[in-house]
Each structure stands twice: as structure tokens, then as C-alpha cells.
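Working notes for the structure below.
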Amino acid sequence: MKAKLLHGGFELVRRHRVLAVVLFLLVFPLLMPYKALAINILIFGLFAVGFNLLFGYTGLLSFGHAAFLGVGSYLTGISMVHFALPWGLALLIGVVAAGLVGLVIGYLAIRTRGIYFSMVTLALAQIVYYAFYKAEQWTGGENGLRGIQVPAMELFGHRFDFIDPTTKYYVILVFVALALWLVSRVLASPFGAVIEAVRENEKRAAACGYDVARTKLLVFVISALICGLAGSLRALHLSVVPIESLHYLLSGQAVMMCLLGGMGTFFGPFVGAAVFLTLEDVVTTITRNWMAVVGGVFMACVLFFPAGLWGTLVKRAERVVRL
Amino acid sequence: MTVAPILEVVGVSKHFGRFVALNNVSASFEPRKLSAIIGPNGAGKSTFFNVVSGAFPPSAGKLRFDGRDITGSPQHTFARLGIAKSFQITNVFQQLSAHENVRVAVQMRHARYQLLKARADMREVSDRASELLARVGLSGLRDRAAADLAHGQQRALEVAMALASEPVLLLMDEPTAGMSPEETKVMMDLIVELAAERSVILVEHKMKLVMGICERLLVLHHGEFLAEGTPADIKANDEVRRVYLGQG
């Protein structure tokens, strides 16, 4: 009887996974020492989930996803700083721009496979980095783009003070929740099944009648759009866009977050981002060499939790429920 | 009495660098017949299969399906046109369940780029997949991961997936490879059943298997067709016997 209840509860959460995640995220700030960390986790959690669409679900390892985060950030920032556009429109521009860059990079990268695909994405992302670095009048070059002001927002007739961390968190949560819902829909759609089939066996998917190249490109663009949104939200959050937003280090962090949390699950990357950022936050107060510590944790996870921290938890829970 | 051929291979050659795998081969296949391409190892059977099933284009020559020129078409159009294939080395979606393997194959005809609908709501697709699994005798294993199936079961899964696209022409590359005698019998019975409903072309190197069930055999040797005809014709053909006996 107890097993049946467990199983039923498990299935309920699984079917309404986005709602479960959002409910958790609603109370999340209460668990965190300070709001800025919680907001950072929201943003990078979304970044990791968007990246995982391509990595975990389609099986394509891109080392250039910082390009989409960065383009989202910069285009949103530039729209507000240089063109004085309202934040909503600036957000949209950031997302669309990231999608377009995704279309170009994706189209070129998809012609290659395996390690070459990873190298091409890295190389193309570096070109984007260099272009934004050089365009000093627009991007501020080395110093980054400064002066993104979002003092107050008008949403549904209410005035929200964006500078207040709590308000900022919940406003950003609205967008993150919407994006997570979209990703979940795509994964549960017929296209979601095609994505996984391509990951499992490209030749077989083609023999079944699926256009593998077109499928990969579509996922690439969706992934870029989601990561672009994360970038746009980051620009609003930080009020600046550091040049590091386009650095390959961030691309590598996306991979680490997915592996830490578990690339085979919907929520895994989000957990990975939370663990990564919390660790970074805690360890930097102890030592400057936080990367070494995080690297050590990462290696331990790969050795002992190959399905990721969240992924392993889910698998254990499944086994208990099935018993 | 001429029936329009379902598949025509016209002057097809295939080179890999300087090596000529197929040399100007031509053949015509009538609809709803069970044919087999046979020949010793190295004869060019796999190359023939790959060209005809769309894995790669021929270096020269034409391929026509139901009168339509499909030379050089990309792999994914073959299934959409009605040509399905099963591979010699089992090629399934390893981490997906047996049912999901077939379900995603069936889905091709219903939805490819649908992003927002829930595929769990597509009952017809799921039910059809269950039907096909039952047909190949895998109903009891529907939730098992394909990677965890026995070899013969994986081959059966391949057949179910090939049938999922409602093919008019079914191409099978050594369908009984690696199977036990019992599994082989089950597979051959299934093939005979399928041949009654659609066109089937087998590629086989086990002569005995195809002799009893095929209506037409084509013997391939060093990239060229040596002989073709009914099993009786082929059995009586001296050159064929020399080629097969000579091979060892």
C-alpha cells in the first residue's frame, strides 16, 4: 500500500515537474544566505538547462555556449544603454539575437561530429568573444558594458522596485519559470522523442525517416534562445555586462554544471548550477584556489555519481518506488 | 505480362577510391515479390544494399523507385517514400525501451517537428507500436531497454521498426545474422508473411535459407551479377556452383 502511494506520488511529481520545480524555487530564497546567490542560481540554472537540451538530450557537446549567454547579455545591455529601449523590448532583442547567432554557429557546426563539433563551437564562440571585445564603442571592450538601469518595472499595473533583491528574484523567476515550462513541453513533445533518437543512433534515426541535420539545428537554436534569455536576465541583474560573459570559461562551467547535477534529467543541470555556485561562493571565503576545490568535487562526482548528484538521487528514488 | 517495377537499378557502379565494389549492375524488381541478392563474401552485397537503401549514392548509374528517380536522395527521404531497411549489424536505439524504439519509428509519419504537443497524447502512435511489437513477438519485453535484449530479440525489434514506416519496399541485410536455428526459422516465417503484403528484397549469403522461400534470386560476384532467376535456375547454373564451391 505504501509502495503504491509512493509510486503514485512520484508519478504525479514527474508529470508536473515544472510546477514542482517552480514551487521549490518560490521558497528557495529562504534557504539561501543571500538573495544575489539565489538569483545567480536562477540565471545559471536556466543556462545549464538550456545547454543540457543540446548536451544531455541530443548528445552534442558544445564548448561555445558562452556565446549565447554573452550575446543575450550584451544585446540587452546595448539596447538599454545606447538606444534607451525599455527593459522588456531589450530582453526580447537579447533573446532573438542569441537565437540568430545560434542559427549561424549551429549551421556551421552541425556539419561536423564528435570532437570536431566541440572544437568548431569553441572556435566560433571565440570569434564572437573577439568581435565584442573589439567593438569598444558598443560594448565597452575590456571594461564591459556599464550603466544598465532598471530602477522600476511596470508589470500588470503594479510598480516593482527591481533594485530590491527579493523583488528582483521573483521577477526573474517569472521568466525562468516560463522558459523551464517551454523546455519541458519541448522535451515531452514528439520532437523531444526525435531528439533522443538522434542521440541514441543517428544512422537509425535517418533510416526511420528523420532529417538528422535539421533536427540538430532546431535544437541548437532553441538551446541558444534559452541561454540567451539567461544572459539577458543576467544583464538586468548585474546592471553591467562583463567581457567574461563571452569567455570559454563560462562554456566549460555549463558542461560542469550538467555533469555535476546529472545530464539525463530535466532538473539535474539546475541542481548542478546550484551546487557549483554555492560551492564557489563558500570556498572563495576560505581560499583563493576555489577552482581546485570545485575541480576536486567535480572529479569525485564523476567517479562516484556518474549520473550526477540529482540524477543519482532520482535513480535511487525510482528503485525504491519500483520495489 | 509486364508489371511496373517497384525498384530499378540502372547501370549502378560504386567505387571506393580505386576499388570497384559494384560494376555497372542493373536489375529490376517486381512489386510484392520476395527476392534475394546472394553471393559469397566480398561479392559486393553490402555495397549493393547500401546504395539501394540510400546509405550512400552510387558513383554512377540511376536508382528508380516506383518510376521516380531517387539517385542521390538523402537517407531520410527513403523511409518517407516507402523504403524501409533493417541493418546487418543491429542498429537500434540502445537506451530506449523496445516499445519506445518502435513508437518513435511509427511517429515519423505523424509528427516530426511538433514542439508543443504532448507525445503521450498520441495514442494511435503508441497503439500501433504495441501492435508491431506483438507481431514480432516482443510484447512481453516492451519496457526492456533495447540494449538489454538478446541478439535475436534485437533483430526482431529492427524488423518491427522497419515496418513502422508502412513501407512498400522492405530491404533486409542478412536478417538472420547471428541467430540460432530456432530464431532463424521464426524470422524466415515472418519474412514470408511480410512478402505477401509488400515487396521484400533480402541480402543473404546463406544460400540454403533463401532457396526455399524466394521467388527470385540474383547472384552477385566481384561486383557484377553472375546469374538471376528462380531458385531452380540458380541451382542448375554451373557458373554459380563453381563460384560458391570454389570459395570453399
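In the C-alpha cells, each chain is lettered A, B, ... as it comes, each chain's residues begin at 1, and ligands are numbered from 1 in order of appearance.
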
Report as an mmCIF file with C-alpha atoms, in the first residue's frame: the residues of stretch 39-235 of chain B with a DSSP assignment of helix (DSSP H, G or I), based on the backbone of this structure.
data_model
loop_
_atom_site.group_PDB
_atom_site.id
_atom_site.type_symbol
_atom_site.label_atom_id
_atom_site.label_comp_id
_atom_site.auth_asym_id
_atom_site.auth_seq_id
_atom_site.Cartn_x
_atom_site.Cartn_y
_atom_site.Cartn_z
ATOM 1 C CA LYS B 45 26.271 -7.447 -51.484
ATOM 2 C CA SER B 46 26.615 -4.933 -48.651
ATOM 3 C CA THR B 47 27.596 -2.200 -51.077
ATOM 4 C CA PHE B 48 24.602 -3.045 -53.231
ATOM 5 C CA PHE B 49 22.371 -2.952 -50.180
ATOM 6 C CA ASN B 50 23.788 0.376 -49.046
ATOM 7 C CA VAL B 51 23.306 2.006 -52.438
ATOM 8 C CA VAL B 52 19.784 0.685 -52.860
ATOM 9 C CA SER B 53 18.754 1.611 -49.313
ATOM 10 C CA GLN B 75 18.848 8.790 -46.307
ATOM 11 C CA HIS B 76 15.840 10.217 -44.508
ATOM 12 C CA THR B 77 13.792 10.537 -47.687
ATOM 13 C CA PHE B 78 13.905 6.799 -48.320
ATOM 14 C CA ALA B 79 11.701 5.898 -45.371
ATOM 15 C CA ARG B 80 9.366 8.777 -46.202
ATOM 16 C CA LEU B 81 8.964 7.463 -49.744
ATOM 17 C CA ALA B 98 11.660 -1.703 -27.012
ATOM 18 C CA HIS B 99 8.274 -0.005 -27.198
ATOM 19 C CA GLU B 100 9.793 3.457 -27.484
ATOM 20 C CA ASN B 101 12.098 2.236 -30.258
ATOM 21 C CA VAL B 102 9.121 1.243 -32.353
ATOM 22 C CA ARG B 103 6.967 4.168 -31.204
ATOM 23 C CA VAL B 104 9.452 6.773 -32.393
ATOM 24 C CA ALA B 105 9.725 4.923 -35.710
ATOM 25 C CA VAL B 106 5.925 4.976 -36.093
ATOM 26 C CA GLN B 107 5.812 8.643 -35.076
ATOM 27 C CA ARG B 119 3.515 12.867 -27.378
ATOM 28 C CA ALA B 120 1.871 10.878 -24.589
ATOM 29 C CA ASP B 121 -1.444 12.079 -26.042
ATOM 30 C CA ARG B 123 -2.483 7.208 -28.581
ATOM 31 C CA GLU B 124 -2.672 5.960 -32.190
ATOM 32 C CA VAL B 125 1.102 6.078 -32.468
ATOM 33 C CA SER B 126 1.628 4.240 -29.204
ATOM 34 C CA ASP B 127 -1.022 1.623 -30.017
ATOM 35 C CA ARG B 128 0.410 0.975 -33.460
ATOM 36 C CA ALA B 129 3.833 0.460 -31.880
ATOM 37 C CA SER B 130 2.308 -2.091 -29.487
ATOM 38 C CA GLU B 131 0.728 -3.886 -32.467
ATOM 39 C CA LEU B 132 4.059 -4.111 -34.274
ATOM 40 C CA LEU B 133 5.819 -5.361 -31.166
ATOM 41 C CA ALA B 134 3.195 -8.081 -30.860
ATOM 42 C CA ARG B 135 3.692 -9.038 -34.496
ATOM 43 C CA SER B 139 5.109 -7.722 -26.382
ATOM 44 C CA GLY B 140 6.421 -9.128 -23.123
ATOM 45 C CA LEU B 141 9.613 -7.098 -23.404
ATOM 46 C CA ALA B 146 16.914 -2.304 -26.325
ATOM 47 C CA ALA B 147 20.498 -2.743 -25.139
ATOM 48 C CA ASP B 148 19.301 -5.397 -22.675
ATOM 49 C CA HIS B 151 20.570 -10.660 -30.049
ATOM 50 C CA GLY B 152 17.680 -12.398 -31.756
ATOM 51 C CA GLN B 153 15.210 -10.117 -29.964
ATOM 52 C CA GLN B 154 17.090 -7.042 -31.146
ATOM 53 C CA ARG B 155 16.869 -8.317 -34.722
ATOM 54 C CA ALA B 156 13.127 -8.761 -34.254
ATOM 55 C CA LEU B 157 12.956 -5.206 -32.908
ATOM 56 C CA GLU B 158 14.733 -3.997 -36.046
ATOM 57 C CA VAL B 159 12.085 -5.624 -38.192
ATOM 58 C CA ALA B 160 9.310 -4.003 -36.156
ATOM 59 C CA MET B 161 10.979 -0.619 -36.612
ATOM 60 C CA ALA B 162 11.345 -1.166 -40.339
ATOM 61 C CA LEU B 163 7.631 -1.953 -40.582
ATOM 62 C CA ALA B 164 6.746 1.156 -38.602
ATOM 63 C CA PRO B 181 18.393 -22.171 -35.785
ATOM 64 C CA GLU B 182 15.114 -21.680 -33.893
ATOM 65 C CA GLU B 183 15.315 -17.886 -34.143
ATOM 66 C CA THR B 184 16.231 -18.193 -37.827
ATOM 67 C CA LYS B 185 13.109 -20.244 -38.520
ATOM 68 C CA VAL B 186 10.897 -17.677 -36.760
ATOM 69 C CA MET B 187 12.482 -14.834 -38.690
ATOM 70 C CA MET B 188 12.172 -16.601 -42.059
ATOM 71 C CA ASP B 189 8.493 -17.375 -41.382
ATOM 72 C CA LEU B 190 7.939 -13.698 -40.602
ATOM 73 C CA ILE B 191 9.687 -12.659 -43.799
ATOM 74 C CA VAL B 192 7.483 -14.933 -45.883
ATOM 75 C CA GLU B 193 4.434 -13.398 -44.178
ATOM 76 C CA LEU B 194 5.674 -9.898 -44.911
ATOM 77 C CA ALA B 195 6.430 -10.713 -48.532
ATOM 78 C CA ALA B 196 2.770 -11.491 -49.078
ATOM 79 C CA GLU B 197 1.871 -7.891 -48.233
ATOM 80 C CA MET B 207 22.130 -19.999 -49.882
ATOM 81 C CA LYS B 208 20.055 -22.690 -48.221
ATOM 82 C CA LEU B 209 17.907 -20.162 -46.361
ATOM 83 C CA VAL B 210 16.759 -18.303 -49.414
ATOM 84 C CA MET B 211 16.444 -21.235 -51.789
ATOM 85 C CA GLY B 212 13.275 -22.478 -50.186
ATOM 86 C CA ILE B 213 11.366 -19.217 -49.855
ATOM 87 C CA PRO B 231 15.916 -20.994 -57.218
ATOM 88 C CA ALA B 232 15.742 -23.918 -59.634
ATOM 89 C CA ASP B 233 17.525 -21.927 -62.350
ATOM 90 C CA ILE B 234 20.234 -20.869 -59.943
ATOM 91 C CA LYS B 235 20.745 -24.381 -58.573
#

* To do: Using only C-alpha atoms, find the residues of chain A whose closest atom to chain B is at most 9 Å away, then write them as number ranges by chain.
  => A: 182, 185-194, 196-201, 203-212, 215, 218

* To do: Compile the contact shell of stretch 99-101 of chain A as a list in words: residues with an atom at most 6 Å away, counting only C-alpha atoms, same-chain residues fewer than 6 positions apart removed.
  =>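 Using only C-alpha atoms, the neighbours found are Val221, Ala224 and Leu225 of chain A.
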